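Chemist: Mind having a look at this structure? Questions to follow.
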Amino acid sequence: MTTLLKIWLRYLGFLAASLASAGTPPEEMAGAVAPVEHTTEQKALLKALDDQLTQFEALLTKDENLSHAATVKANLATLKQRRDAFKRVTFDSGKYDELRFDLNVAYQRLHLWLAPSVPSKTAPKESAQSSKTR
Amino acid sequence: MLAEAARLSLVAKLGACRKPRALRRSVARSSIIAVCGLLACYEAAAAAPVHFPEHVEAFTAQYCVDCHYADEKEGGLDLTSLAYRPNDPTNFALWAKIVDRVQKGEMPPRKQERPDPSDLRTFIESLSSSLVKADEALVTQNGRATRRRLNRSEYEDSLRDILHAPWILVKDQLPEDSEAFRFNKVAEALDVSHVHIARYMSAADYALRQAMTVKLIQPVTTRKRYYARESMAYSMVDGNPDRGRFPILGSQADPDVLLRKAPITVGDSDTVKREQEAMAWTASNYVAGFNSIWNSGFHAPVAGRYRMWFSGYTVWVGPNGIRTPTLSFIGKTSKDGGDSNHLAVVPPEWHRPNYFDVSRGRTNEAIAVYARGGASNRLLGGFDLTADPSTGELGEMWLEANESVATDATRFFRSRPGMTTIDSYTNPLARPDGMPGVAFRWMEVEGPLYDEKSLAGYELLFGDLPMKRVEKGDAGVEIDAVQSAPPSATDRGQGGGRRGNTTPQSIPEDASLQFRAAIAARVSGPGNANRAGAGAPAGLRPVTVEVESAHPIQDAERLLRGFLRRVYRRPVKEEDVALFLDLIKSRLDAGTGFASAMLTGYTAVLASPEFLFLDEKPGQLDGTALATRLAVFLWNSVPDEALRARAESGDLDRPDVLRSEVDRLLADPRSQRFVNSFLDYWLELRRIEDTTPSTTLYNDYYLDDSLVEASVAETRLFFTELVMRDRPARNVIDSDFTYVNGRLATHYDLPGIEGYAMRRVDLPKDSVRGGFMTQASILKVTANGTTTSPILRGKWISERIMGFEIPPPPPGTPAVEPDIRGAVTIRQQLDKHRADASCASCHRNIDPPGFALESFDVMGGLREKYRAESKLAPPVPGVGKNGWPFAFHYAQPVDATGQLADGRSFEDIRGLKKLLLADETQIARNLTNHLAVYATGARVRFSDRTKIDRIVAACASNHYGVQSLIHELVQSDLFRRK
């Protein structure tokens with residue numbers, strides 16, 4: 001009997017809370033969660049993360065291949081989402097390092113993509129033969 | 001058997017095996033009493049003060065005791081109470097240090113009254129000559145060198161020469177030797193314990209069995225072709241095309257085989273097409289050549305000499321390869337999701353190779369070839385591939401039984417799983433339009449190659465007695481031989497990958513060709529019948545053999561005599577034969593069989609003091625001892641027949657004969673052992689692999705084996721030239737030439753040099769390279785992989801190159817650790833440290849050469865700024881050799897200026913070299929000092945200095961040619977007396 005009563009009371013409490021929050025915009029809901037406090041050092045690290053994302057974005061403007069740029073842009077958006085999600089939770093240095101590593105992988109790949117191509121060391125065999133003929 | 005041989009060897013060492021126990025006890029007791037008595041006498045003699053040499057007391061009273069007296073005791077030295085006892089080693093060393101510091105002008109300190117030059121000269125001459133006299137008296141009595149054992153490298157080389165088996169590797173079975181006076185050739189470093197004796201015996205036993213194997217298996221010499229398609233599996237490790245080997249046809253893709261619609265090779269059915277078939281790849285793995293071992297085809301059937309050729313070419317592999325995300329790694333699932341039963345179609349990635357898009361190569365690629373037995377590689381050589389198919393010849397090399405080979409494209413990246421997913425590596429050579437690849441058609445092996453000495457090892461052990469296989473359990477000896485075994489499940493056509501064969505449950509309908517090929521590369525089937533098709537892999541398996549003897553006792557004596565004659569470096573005595581023959585007979589009586597009994601005897605010989613120890617008597621060395629010293633010096637081994645003959649004839653004493661023998665030994669390829677062994681210790685080349693470049697600061701160097709290999713080769717070739725061409729010793733500091741290959745030339749920023757082969761190059765006039773100090777190998781062994789320290793490098797250069805000993809830091813001195821975050825430079829840290837006057841007195845001498853070398857990073861790359869690691873700073877662009885993105889940034893600029901202790905300043909390494917070259921004699925003296933320790937197995941004593949100076953002076957006319965220094969050293973009393 002007591003157990004049944006407890007379940008009912010818990011259900012009523014949940015119902016009351018649901019009714020109270022009904023109609024509240026999602027942003028305010030998020031705001032209702034206590035904001036994550038970061039130390040000065042963590043703030044500096046988060047700023048460095050933002051800076052590298054900005055740097056990445058700037059580098060991306062140099063990519064004239066629209067198809068490739070679009071792919072990278074999508075990747076960048078994912079990384080930004082991860083950054084945003086990361087900022088909302090308690091700072092986890094392991095996760096931070098993973099995010100920075102993934103960001104760095106994407107950033108350096110873009111650098112590589114923009115690097116000058118490798119010219120042919122030797123002319124194709126056919127042209128070598130034809131030049132001999134001439 | 002080993003235990004018995006050990007017992008006998010130790011008994012033989014005591015030289016008391018025939019005495020009754022009571023007599024042995026009595027002898028031991030009286031020996032102890034005698035030794036104690038002698039020690040007491042020695043102590044008393046050493047303790048007895050001697051009169052001070054003339055002028056010494058007066059000089060110290062006038063110039064020294066103001067600081068070095070009972071109360072002040074500057075530097076812990078009280079000269080008012082210091083007696084003069086040159087027979088006491090500690091007291092001797094103290095007075096030697098005093099004379100050195102005064103001679104160098106370090107004492108009295110500059111701020112104090114300077115001694116009158118004539119007083120100074122008189123003091124130095126008087127004290128020095130007294131010390132020399134005392135030292136020489138000791139040397140006359142005992143000799144310079146102490147009895148010592150062969151070190152492990154000498155032991156290995158000696159066994160190789162005695163058994164004519166250059167492939168024998170036993171060094172690593174023996175405990176590592178210590179180091180004294182910088183070398184592993186000095187008695188103080190070569191301790192002996194029962195562990196050593198046991199290991200020497202097991203090493204000898206192993207080597208003897210190796211010599212028997214050569215007799216058992218004598219395959220006919222053939223030249224056989226092994227096609228790449230049949231020797232390597234078509235595979236894709238971790239589902240990633242970067243880590244794959246894939247079939248191509250000429251310089252084009254081979255789609256049918258990629259999709260397994262056709263067998264991996266047409267075989268003999270189409271000989272023209274077969275020549276076009278090749279296996280290609282674009283990257284390496286953690287171990288060089290991991291992806292490219294020819295182990296399904298070739299395994300050396302027996303240890304011996306072989307010759308090899310490789311046919312291959314370079315290709316260009318298009319972009320947009322795809323991977324199959326099927327593996328989780330270190331507990332983290334790939335972001336693309338999936339496991340081995342769930343295969344998702346992954347979008348193509350531009351930096352991954354597309355096996356369906358292959359074209360003619362755009363680059364030349366250097367290929368390193370490694371022998372591969374167990375888990376590690378042994379470098380055999382290399383060659384270059386171009387876009388046109390060519391055949392690279394490796395020349396003659398030796399292989400151990402069952403070894404295979406791996407071919408590694410040295411420039412290709414070495415894929416390492418990253419921090420977040422297994423496939424987060426990136427090919428740094430990739431460009432939007434593709435990446436370089438190499439393709440191999442076949443390898444040819446000729447061998448085993450025989451000559452008149454191929455069976456010399458067996459013949460030394462068993463003469464012309466035949467050997468036969470016997471059943472396991474019968475009397476005989478077990479030896480390892482290469483044999484085939486029935487195929488096991490793991491042998492059959494595994495497609496590669498650490499999880500072996502993972503057959504997918506479903507392939508998506510819309511899967512691309514690449515995706516299907518990726519699956520095909522992961523499964524076994526008719527198209528991947530590599531290993532199964534080639535038969536079961538061979539392996540080393542024990543075989544029991546027996547040597548047949550109709551007259552075992554007579555044969556044993558005859559063979560033992562011959563063996564002793566070859567092994568002992570002196571004429572054999574009857575008691576030597578009797579001692580070991582008794583052991584062999586006892587084994588025969590025990591029914592072990594003839595071969596086993598003989599091996600017991602031989603093992604005992606090879607662990608006996610007569611072989612294991614270098615024994616010399618005080619005074620002039622006799623011919624035998626001189627020959628041994630010479631062979632150990634220049635060949636790291638025992639004398640050969642010719643040298644022994646010279647020794648036994650008494651000719652070796654003649655200077656002209658000794659000179660011609662030095663020339664002969666140096667001209668022999670075995671002198672390379674001297675070069676390698678000397679450099680391993682003098683310049684610590686043996687430590688080249690001790691440190692690994694940091695994966696965060698230096699991942700462009702991390703796993704770059706080809707750079708490390710080339711840097712070691714440079715130092716060895718450079719020193720070889722100094723010796724063989726008698727180049728002036730000044731080249732130690734600076735030279736106008738060096739040796740590089742393509743990789744090292746890129747590292748040194750020397751344009752126009754490509755390819756695998758090392759070659760001599762003239763350096764540009766303003767080059768920072770030249771000499772040992774700026775060689776990559778030296779700069780690597782003097783750094784820790786992450787940072788450089790002017791203190792450590794400065795000490796190293798001072799002691800090994802300049803020849804100035806640096807005392808150890810006072811106890812409790814904290815280390816100065818470089819700041820890898822880059823906020824302050826090491827120089828700024830040291831400036832603080834040097835502000836303390838007591839620290840400055842030493843660092844004034846230590847740091848300057850180290851500062852000049854700050855221009856070079858941990859692998860010897862020239863730098864203007866330090867690399868630093870900080871999450872707050874953006875990384876510089878680039879991807880490392882391991883495929884990881886660069887994570888470092890450039891921080892503080894390097895300041896390579898400095899001032900030597902004598903006040904002379906330099907701007908950089910070029911300036912430092914100029915200052916050091918001002919004293920060529922010191923460079924030659926230092927090199928001679930090191931050669932003397934190496935050659936004689938004894939430190940350079942105080943009384944040896946004048947002898948060293950005489951050697952150096954004798955070579956002044958040809959600018960201290962290095963070979964001339966060696967000749968003069970060998971002719972000197974230092975070498976010719978104990």
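We name chains A, B, ... following the order of the structure tokens; residues begin at 1 in each chain, and ligands are numbered from 1 as shown.
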Give me the residues within 7 Å of stretch 60-64 of chain B as a list in words, counting only C-alpha atoms and dropping any in the same chain fewer than 3 places off.
Modeler: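 Surrounding residues, per the criterion: Val56, Glu57, Cys67, His68, Pro108 and Pro115 of chain B.
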Chemist: Determine, for each residue of chain B having at least one atom at most 9 Å from an atom of chain A, the closest pair of atoms and their separation in Å to one decimal, counting only C-alpha atoms; order by chain and ascending number, as a tab-separated table.
Modeler:
residue	atom	partner	partner_atom	distance
B:Trp350	CA	A:Trp113	CA	8.5
B:His351	CA	A:Arg109	CA	8.1
B:Arg360	CA	A:Pro124	CA	7.1
B:Gly361	CA	A:Ser120	CA	7.6
B:Arg362	CA	A:Ser120	CA	4.2
B:Thr363	CA	A:Lys121	CA	5.3
B:Asn364	CA	A:Lys121	CA	7.5
B:Thr386	CA	A:Thr122	CA	8.7
B:Ala387	CA	A:Thr122	CA	7.4
B:Asp388	CA	A:Lys125	CA	8.1
B:Gly418	CA	A:Phe101	CA	8.5
B:Met419	CA	A:Glu98	CA	6.5
B:Thr420	CA	A:Glu98	CA	5.9
B:Ser424	CA	A:Val105	CA	7.2
B:Tyr425	CA	A:Val105	CA	7.8
B:Thr426	CA	A:Arg109	CA	7.2
B:Pro428	CA	A:Leu112	CA	7.2
B:Leu429	CA	A:Leu112	CA	8.5
B:Ala430	CA	A:Leu112	CA	7.4
B:Arg431	CA	A:Trp113	CA	5.8
B:Pro432	CA	A:Trp113	CA	5.6
B:Asp433	CA	A:Ser117	CA	7.5
B:Gly434	CA	A:Ser117	CA	8.9
B:Met435	CA	A:Val118	CA	8.5
B:Lys871	CA	A:Leu45	CA	6.8
B:Leu872	CA	A:Ala48	CA	5.1
B:Ala873	CA	A:Ala48	CA	6.9
B:Pro874	CA	A:Gln52	CA	6.3
B:Pro875	CA	A:Asn104	CA	8.1
B:Val876	CA	A:Gln108	CA	8.8
B:Pro877	CA	A:Gln108	CA	6.1
B:Gly878	CA	A:Gln108	CA	6.0
B:Val879	CA	A:Gln108	CA	6.7
B:Trp884	CA	A:Val105	CA	7.3
B:Pro885	CA	A:Val105	CA	5.5
B:Phe886	CA	A:Gln108	CA	7.6
B:Ala887	CA	A:Asn104	CA	7.5
Chemist: Restricting the output to C-alpha atoms, write the selected residues as a PDB file, in the first residue's frame.
Modeler:
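Produced file part_20.pdb, reproduced below:
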ATOM      1  CA  TRP B 350      40.753  12.361 -51.507  1.00  0.00           C
ATOM      2  CA  HIS B 351      43.895  11.463 -49.555  1.00  0.00           C
ATOM      3  CA  ARG B 360      52.509   5.863 -64.610  1.00  0.00           C
ATOM      4  CA  GLY B 361      54.697   7.008 -61.707  1.00  0.00           C
ATOM      5  CA  ARG B 362      55.685  10.633 -61.264  1.00  0.00           C
ATOM      6  CA  THR B 363      58.403  10.106 -58.708  1.00  0.00           C
ATOM      7  CA  ASN B 364      61.469   7.986 -58.126  1.00  0.00           C
ATOM      8  CA  THR B 386      61.699   4.793 -61.389  1.00  0.00           C
ATOM      9  CA  ALA B 387      58.528   5.002 -63.460  1.00  0.00           C
ATOM     10  CA  ASP B 388      60.068   2.622 -65.969  1.00  0.00           C
ATOM     11  CA  GLY B 418      45.652   8.301 -34.117  1.00  0.00           C
ATOM     12  CA  MET B 419      44.213   9.532 -30.875  1.00  0.00           C
ATOM     13  CA  THR B 420      40.550   9.190 -31.738  1.00  0.00           C
ATOM     14  CA  SER B 424      42.803   9.169 -38.563  1.00  0.00           C
ATOM     15  CA  TYR B 425      46.197   9.150 -40.230  1.00  0.00           C
ATOM     16  CA  THR B 426      46.804  11.037 -43.439  1.00  0.00           C
ATOM     17  CA  PRO B 428      51.582  13.384 -46.191  1.00  0.00           C
ATOM     18  CA  LEU B 429      52.557  12.656 -49.800  1.00  0.00           C
ATOM     19  CA  ALA B 430      48.932  12.761 -50.965  1.00  0.00           C
ATOM     20  CA  ARG B 431      47.774  15.558 -53.244  1.00  0.00           C
ATOM     21  CA  PRO B 432      44.317  16.218 -54.673  1.00  0.00           C
ATOM     22  CA  ASP B 433      45.250  14.264 -57.783  1.00  0.00           C
ATOM     23  CA  GLY B 434      46.723  11.240 -56.060  1.00  0.00           C
ATOM     24  CA  MET B 435      49.844   9.972 -54.404  1.00  0.00           C
ATOM     25  CA  LYS B 871      47.408  23.932 -26.873  1.00  0.00           C
ATOM     26  CA  LEU B 872      47.095  27.708 -26.861  1.00  0.00           C
ATOM     27  CA  ALA B 873      49.104  28.237 -30.033  1.00  0.00           C
ATOM     28  CA  PRO B 874      48.017  27.170 -33.519  1.00  0.00           C
ATOM     29  CA  PRO B 875      50.112  24.396 -35.057  1.00  0.00           C
ATOM     30  CA  VAL B 876      52.323  24.887 -38.100  1.00  0.00           C
ATOM     31  CA  PRO B 877      51.099  23.270 -41.316  1.00  0.00           C
ATOM     32  CA  GLY B 878      52.185  19.730 -42.003  1.00  0.00           C
ATOM     33  CA  VAL B 879      51.676  16.021 -41.512  1.00  0.00           C
ATOM     34  CA  TRP B 884      49.630  12.468 -37.674  1.00  0.00           C
ATOM     35  CA  PRO B 885      49.066  16.189 -38.052  1.00  0.00           C
ATOM     36  CA  PHE B 886      51.794  18.527 -36.828  1.00  0.00           C
ATOM     37  CA  ALA B 887      50.859  19.772 -33.377  1.00  0.00           C
TER      38      ALA B 887
END
Chemist: I need the residue nearest B:Glu616 from this list: B:Arg469, B:Arg977, B:His843, B:Arg225. Use only C-alpha atoms for the distance.
Modeler: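 Of all the options, B:Arg977 lies closest to B:Glu616.
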Chemist: Stretch 889-899 of chain B: which residues within 10 Å, counting only C-alpha atoms, same-chain residues fewer than 4 positions away excluded, as an MDAnalysis selection string?
Modeler: chainID B and resid 697 790 820:827 844:845 847:856 863:877 903:909 911:912
Chemist: Work out how far atom CA of B:Phe718 is from atom CA of B:Val962, in Å to one decimal.
Modeler: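 Straight-line distance from atom CA of B:Val962 to atom CA of B:Phe718 works out to 11.9 Å.
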Chemist: Got a sec to tell me which of stretch 375-500 of chain B DSSP assigns to strand (DSSP E), as a PyMOL selection string?
Modeler: chain B and resi 377-385+390-399+404-409+435-449+467-469+477-484
Chemist: Show me, as a list in words, the residues that have an atom within 9 Å of B:Glu610 when counting only C-alpha atoms, minus same-chain residues fewer than 4 positions from it.
Modeler: Lys13, Tyr568, Arg569, Arg570, Val605, Leu606, Leu614 and Asp615 of chain B
Chemist: Tell me, as a ChimeraX atom specification, which residues lie within 9 Å of B:Gly244, counting only C-alpha atoms; anything in the same chain fewer than 3 positions away does not count.
Modeler: /B:234-241,280-284,291,496,521
Chemist: What gap, in Å, lies between atom CA of B:Trp796 and atom CA of B:Asp857?
Modeler: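 Straight-line distance from atom CA of B:Trp796 to atom CA of B:Asp857 works out to 15.8 Å.
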Chemist: State, in Å with one decimal place, the distance from atom CA of B:Ala757 to atom CA of B:Tyr226.
Modeler: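 Result for atom CA of B:Ala757 versus atom CA of B:Tyr226: 24.7 Å, one decimal.
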Chemist: Among the residues of stretch 132-334 of chain B, find those DSSP assigns to alpha helix (DSSP H) from the backbone and print them as a PyMOL selection string.
Modeler: chain B and resi 132-142+152-163+194-216+228-231+255-258+271-276
